[in-house]
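To start, the structure itself, in structure tokens.
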Amino acid sequence: MRLKLELVPLPVSDVDRAIAFYVDTLGFTKDVDVQPADGVRVVQATPEGSACSIGFGTGLDVYRGEPGSIRGLHLVVEDVDAARAELVRRGVEVSEVHDFGGGVRGASFADPDGNTLELQEMAWRRGEAF
């Protein structure tokens, strides 16, 4: 059986603010932004080159979680120092880079609701392997 992770729902308190952060600040592509029924809004955004997206919106049970309750979504990068520097340049508060050992390094940050994300660099996933 082949399974592919397609979408991770994120609980947010303000959909437009989340779009501004994920699309305008982080550079995700906004794939979907529809209002299929009264009180329902569905937004899907994808990091460049990723097969998995995040989703947020209103009016559906999948979006009813507590804003800020998601912890440690990993965004894999080839160079954590460069990615961190770029996010800081874009106005994102990012932790210092941590060395977790075994060739894994990372830095964390949060969206406007407090959902946390981790930039993760793995030494064996560079160049062609990335």
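Chain lettering (A, B, ...) mirrors the order of the structure tokens, residue numbering begins at 1 for each chain separately, and ligand numbering begins at 1 in order of display.
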Task: Every residue of stretch 13-117 of chain A that DSSP places in helix (DSSP H, G or I), as a ChimeraX atom specification - done: /A:15-25,61-63,80-89
Grab the residues selected above and save them as a PDB file, in the first residue's frame with N, CA and C atoms.
```pdb
ATOM      1  N   VAL A  15      -7.908  33.814   9.242  1.00  0.00           N
ATOM      2  CA  VAL A  15      -7.491  33.205   7.972  1.00  0.00           C
ATOM      3  C   VAL A  15      -6.650  34.168   7.134  1.00  0.00           C
ATOM      4  N   ASP A  16      -7.067  35.410   7.031  1.00  0.00           N
ATOM      5  CA  ASP A  16      -6.313  36.361   6.216  1.00  0.00           C
ATOM      6  C   ASP A  16      -4.930  36.641   6.801  1.00  0.00           C
ATOM      7  N   ARG A  17      -4.825  36.688   8.116  1.00  0.00           N
ATOM      8  CA  ARG A  17      -3.523  36.877   8.756  1.00  0.00           C
ATOM      9  C   ARG A  17      -2.634  35.656   8.496  1.00  0.00           C
ATOM     10  N   ALA A  18      -3.217  34.457   8.536  1.00  0.00           N
ATOM     11  CA  ALA A  18      -2.457  33.237   8.248  1.00  0.00           C
ATOM     12  C   ALA A  18      -1.973  33.235   6.797  1.00  0.00           C
ATOM     13  N   ILE A  19      -2.827  33.660   5.870  1.00  0.00           N
ATOM     14  CA  ILE A  19      -2.404  33.755   4.467  1.00  0.00           C
ATOM     15  C   ILE A  19      -1.229  34.721   4.349  1.00  0.00           C
ATOM     16  N   ALA A  20      -1.330  35.875   4.986  1.00  0.00           N
ATOM     17  CA  ALA A  20      -0.245  36.865   4.918  1.00  0.00           C
ATOM     18  C   ALA A  20       1.064  36.256   5.420  1.00  0.00           C
ATOM     19  N   PHE A  21       1.004  35.473   6.496  1.00  0.00           N
ATOM     20  CA  PHE A  21       2.226  34.880   7.045  1.00  0.00           C
ATOM     21  C   PHE A  21       2.759  33.772   6.149  1.00  0.00           C
ATOM     22  N   TYR A  22       1.929  32.787   5.843  1.00  0.00           N
ATOM     23  CA  TYR A  22       2.423  31.618   5.109  1.00  0.00           C
ATOM     24  C   TYR A  22       2.725  31.923   3.641  1.00  0.00           C
ATOM     25  N   VAL A  23       1.917  32.740   3.009  1.00  0.00           N
ATOM     26  CA  VAL A  23       2.110  33.030   1.585  1.00  0.00           C
ATOM     27  C   VAL A  23       3.044  34.223   1.387  1.00  0.00           C
ATOM     28  N   ASP A  24       2.691  35.353   1.994  1.00  0.00           N
ATOM     29  CA  ASP A  24       3.475  36.566   1.751  1.00  0.00           C
ATOM     30  C   ASP A  24       4.834  36.551   2.460  1.00  0.00           C
ATOM     31  N   THR A  25       4.886  36.080   3.701  1.00  0.00           N
ATOM     32  CA  THR A  25       6.135  36.105   4.457  1.00  0.00           C
ATOM     33  C   THR A  25       7.002  34.878   4.186  1.00  0.00           C
ATOM     34  N   ASP A  61     -15.188  21.110  10.670  1.00  0.00           N
ATOM     35  CA  ASP A  61     -14.648  20.496  11.886  1.00  0.00           C
ATOM     36  C   ASP A  61     -13.133  20.382  11.867  1.00  0.00           C
ATOM     37  N   VAL A  62     -12.553  20.131  10.718  1.00  0.00           N
ATOM     38  CA  VAL A  62     -11.105  19.938  10.620  1.00  0.00           C
ATOM     39  C   VAL A  62     -10.331  21.193  11.053  1.00  0.00           C
ATOM     40  N   TYR A  63     -10.966  22.371  11.033  1.00  0.00           N
ATOM     41  CA  TYR A  63     -10.306  23.622  11.399  1.00  0.00           C
ATOM     42  C   TYR A  63     -10.651  24.094  12.809  1.00  0.00           C
ATOM     43  N   VAL A  80      20.300  25.346   6.718  1.00  0.00           N
ATOM     44  CA  VAL A  80      19.514  25.967   7.783  1.00  0.00           C
ATOM     45  C   VAL A  80      20.003  27.379   8.099  1.00  0.00           C
ATOM     46  N   ASP A  81      21.289  27.621   7.977  1.00  0.00           N
ATOM     47  CA  ASP A  81      21.801  28.966   8.250  1.00  0.00           C
ATOM     48  C   ASP A  81      21.249  29.972   7.238  1.00  0.00           C
ATOM     49  N   ALA A  82      21.259  29.606   5.968  1.00  0.00           N
ATOM     50  CA  ALA A  82      20.742  30.495   4.920  1.00  0.00           C
ATOM     51  C   ALA A  82      19.234  30.677   5.051  1.00  0.00           C
ATOM     52  N   ALA A  83      18.506  29.593   5.337  1.00  0.00           N
ATOM     53  CA  ALA A  83      17.050  29.687   5.487  1.00  0.00           C
ATOM     54  C   ALA A  83      16.694  30.559   6.684  1.00  0.00           C
ATOM     55  N   ARG A  84      17.399  30.362   7.788  1.00  0.00           N
ATOM     56  CA  ARG A  84      17.146  31.189   8.975  1.00  0.00           C
ATOM     57  C   ARG A  84      17.402  32.660   8.660  1.00  0.00           C
ATOM     58  N   ALA A  85      18.530  32.953   8.030  1.00  0.00           N
ATOM     59  CA  ALA A  85      18.868  34.340   7.692  1.00  0.00           C
ATOM     60  C   ALA A  85      17.796  34.968   6.801  1.00  0.00           C
ATOM     61  N   GLU A  86      17.290  34.211   5.844  1.00  0.00           N
ATOM     62  CA  GLU A  86      16.248  34.732   4.952  1.00  0.00           C
ATOM     63  C   GLU A  86      14.968  35.021   5.717  1.00  0.00           C
ATOM     64  N   LEU A  87      14.576  34.123   6.622  1.00  0.00           N
ATOM     65  CA  LEU A  87      13.359  34.362   7.405  1.00  0.00           C
ATOM     66  C   LEU A  87      13.526  35.576   8.317  1.00  0.00           C
ATOM     67  N   VAL A  88      14.667  35.713   8.927  1.00  0.00           N
ATOM     68  CA  VAL A  88      14.925  36.881   9.772  1.00  0.00           C
ATOM     69  C   VAL A  88      14.839  38.149   8.929  1.00  0.00           C
ATOM     70  N   ARG A  89      15.411  38.105   7.733  1.00  0.00           N
ATOM     71  CA  ARG A  89      15.327  39.264   6.822  1.00  0.00           C
ATOM     72  C   ARG A  89      13.873  39.606   6.509  1.00  0.00           C
TER      73      ARG A  89
END
```
- [ ] Find the residues around A:Ser13 up to 9 Å (only C-alpha atoms counted), leave out those fewer than 5 positions away in its own chain, and share them as a ChimeraX atom specification.
- [x] /A:18,57,66-68,113
Task: d(atom CA of A:Gly72, atom CA of A:Gly59) in Å - done: 25.1 Å
Task: Backbone DSSP call of strand (DSSP E or B) for stretch 13-98 of chain A, listed as a ChimeraX atom specification - done: /A:29-37,40-46,53-58,73-76,94,98
Could you take the residues named above and write them with N, CA and C atoms, as a PDB file, in the first residue's frame?
```pdb
ATOM      1  N   THR A  29       3.032  28.749  -1.768  1.00  0.00           N
ATOM      2  CA  THR A  29       2.101  29.005  -2.870  1.00  0.00           C
ATOM      3  C   THR A  29       0.682  28.788  -2.359  1.00  0.00           C
ATOM      4  N   LYS A  30      -0.187  29.762  -2.591  1.00  0.00           N
ATOM      5  CA  LYS A  30      -1.593  29.603  -2.229  1.00  0.00           C
ATOM      6  C   LYS A  30      -2.269  28.821  -3.353  1.00  0.00           C
ATOM      7  N   ASP A  31      -2.556  27.550  -3.087  1.00  0.00           N
ATOM      8  CA  ASP A  31      -3.143  26.664  -4.088  1.00  0.00           C
ATOM      9  C   ASP A  31      -4.656  26.798  -4.164  1.00  0.00           C
ATOM     10  N   VAL A  32      -5.278  26.999  -3.009  1.00  0.00           N
ATOM     11  CA  VAL A  32      -6.737  27.043  -2.921  1.00  0.00           C
ATOM     12  C   VAL A  32      -7.134  28.138  -1.949  1.00  0.00           C
ATOM     13  N   ASP A  33      -8.157  28.885  -2.304  1.00  0.00           N
ATOM     14  CA  ASP A  33      -8.802  29.834  -1.382  1.00  0.00           C
ATOM     15  C   ASP A  33     -10.231  29.980  -1.876  1.00  0.00           C
ATOM     16  N   VAL A  34     -11.098  29.132  -1.338  1.00  0.00           N
ATOM     17  CA  VAL A  34     -12.487  29.103  -1.805  1.00  0.00           C
ATOM     18  C   VAL A  34     -13.452  29.208  -0.633  1.00  0.00           C
ATOM     19  N   GLN A  35     -14.652  29.671  -0.947  1.00  0.00           N
ATOM     20  CA  GLN A  35     -15.750  29.728   0.015  1.00  0.00           C
ATOM     21  C   GLN A  35     -16.921  28.962  -0.597  1.00  0.00           C
ATOM     22  N   PRO A  36     -16.933  27.623  -0.456  1.00  0.00           N
ATOM     23  CA  PRO A  36     -17.927  26.791  -1.129  1.00  0.00           C
ATOM     24  C   PRO A  36     -19.335  26.875  -0.554  1.00  0.00           C
ATOM     25  N   ALA A  37     -19.479  27.441   0.644  1.00  0.00           N
ATOM     26  CA  ALA A  37     -20.798  27.580   1.273  1.00  0.00           C
ATOM     27  C   ALA A  37     -20.728  28.714   2.280  1.00  0.00           C
ATOM     28  N   VAL A  40     -18.111  28.927   5.269  1.00  0.00           N
ATOM     29  CA  VAL A  40     -17.034  27.962   5.025  1.00  0.00           C
ATOM     30  C   VAL A  40     -15.975  28.613   4.138  1.00  0.00           C
ATOM     31  N   ARG A  41     -14.737  28.513   4.581  1.00  0.00           N
ATOM     32  CA  ARG A  41     -13.609  28.962   3.766  1.00  0.00           C
ATOM     33  C   ARG A  41     -12.523  27.909   3.870  1.00  0.00           C
ATOM     34  N   VAL A  42     -11.941  27.574   2.747  1.00  0.00           N
ATOM     35  CA  VAL A  42     -10.899  26.547   2.669  1.00  0.00           C
ATOM     36  C   VAL A  42      -9.689  27.154   1.972  1.00  0.00           C
ATOM     37  N   VAL A  43      -8.555  27.126   2.672  1.00  0.00           N
ATOM     38  CA  VAL A  43      -7.299  27.628   2.118  1.00  0.00           C
ATOM     39  C   VAL A  43      -6.278  26.506   2.196  1.00  0.00           C
ATOM     40  N   GLN A  44      -5.538  26.337   1.112  1.00  0.00           N
ATOM     41  CA  GLN A  44      -4.453  25.358   1.078  1.00  0.00           C
ATOM     42  C   GLN A  44      -3.222  26.059   0.532  1.00  0.00           C
ATOM     43  N   ALA A  45      -2.080  25.888   1.217  1.00  0.00           N
ATOM     44  CA  ALA A  45      -0.831  26.515   0.802  1.00  0.00           C
ATOM     45  C   ALA A  45       0.294  25.483   0.888  1.00  0.00           C
ATOM     46  N   THR A  46       1.237  25.592  -0.063  1.00  0.00           N
ATOM     47  CA  THR A  46       2.293  24.585  -0.176  1.00  0.00           C
ATOM     48  C   THR A  46       3.660  25.247  -0.270  1.00  0.00           C
ATOM     49  N   SER A  53       0.977  19.919   1.830  1.00  0.00           N
ATOM     50  CA  SER A  53       0.510  21.291   2.032  1.00  0.00           C
ATOM     51  C   SER A  53      -0.016  21.465   3.447  1.00  0.00           C
ATOM     52  N   ILE A  54      -0.247  22.714   3.810  1.00  0.00           N
ATOM     53  CA  ILE A  54      -0.990  23.015   5.024  1.00  0.00           C
ATOM     54  C   ILE A  54      -2.347  23.540   4.592  1.00  0.00           C
ATOM     55  N   GLY A  55      -3.326  23.392   5.466  1.00  0.00           N
ATOM     56  CA  GLY A  55      -4.649  23.913   5.192  1.00  0.00           C
ATOM     57  C   GLY A  55      -5.199  24.596   6.417  1.00  0.00           C
ATOM     58  N   PHE A  56      -5.983  25.625   6.200  1.00  0.00           N
ATOM     59  CA  PHE A  56      -6.664  26.301   7.300  1.00  0.00           C
ATOM     60  C   PHE A  56      -7.905  26.957   6.728  1.00  0.00           C
ATOM     61  N   GLY A  57      -8.808  27.323   7.602  1.00  0.00           N
ATOM     62  CA  GLY A  57     -10.029  27.939   7.137  1.00  0.00           C
ATOM     63  C   GLY A  57     -11.046  28.067   8.247  1.00  0.00           C
ATOM     64  N   THR A  58     -12.304  28.109   7.838  1.00  0.00           N
ATOM     65  CA  THR A  58     -13.408  28.283   8.782  1.00  0.00           C
ATOM     66  C   THR A  58     -14.576  27.389   8.380  1.00  0.00           C
ATOM     67  N   LEU A  73       5.996  21.433  13.257  1.00  0.00           N
ATOM     68  CA  LEU A  73       5.949  21.037  11.848  1.00  0.00           C
ATOM     69  C   LEU A  73       7.335  21.276  11.259  1.00  0.00           C
ATOM     70  N   HIS A  74       7.874  20.271  10.595  1.00  0.00           N
ATOM     71  CA  HIS A  74       9.241  20.374  10.069  1.00  0.00           C
ATOM     72  C   HIS A  74       9.228  20.845   8.619  1.00  0.00           C
ATOM     73  N   LEU A  75      10.021  21.859   8.366  1.00  0.00           N
ATOM     74  CA  LEU A  75      10.267  22.335   7.013  1.00  0.00           C
ATOM     75  C   LEU A  75      11.727  22.002   6.712  1.00  0.00           C
ATOM     76  N   VAL A  76      11.941  21.020   5.868  1.00  0.00           N
ATOM     77  CA  VAL A  76      13.291  20.570   5.560  1.00  0.00           C
ATOM     78  C   VAL A  76      13.935  21.556   4.598  1.00  0.00           C
ATOM     79  N   VAL A  94      13.207  33.909  14.598  1.00  0.00           N
ATOM     80  CA  VAL A  94      13.669  32.524  14.485  1.00  0.00           C
ATOM     81  C   VAL A  94      14.730  32.282  15.553  1.00  0.00           C
ATOM     82  N   HIS A  98      20.326  25.139  16.254  1.00  0.00           N
ATOM     83  CA  HIS A  98      20.717  24.115  17.223  1.00  0.00           C
ATOM     84  C   HIS A  98      21.279  22.911  16.476  1.00  0.00           C
TER      85      HIS A  98
END
```
Task: Distance of atom CA of A:Leu26 from atom CA of A:Asp99, expressed in Å to one decimal place - done: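 Answer for the atom CA of A:Asp99 to atom CA of A:Leu26 separation: 23.0 Å.
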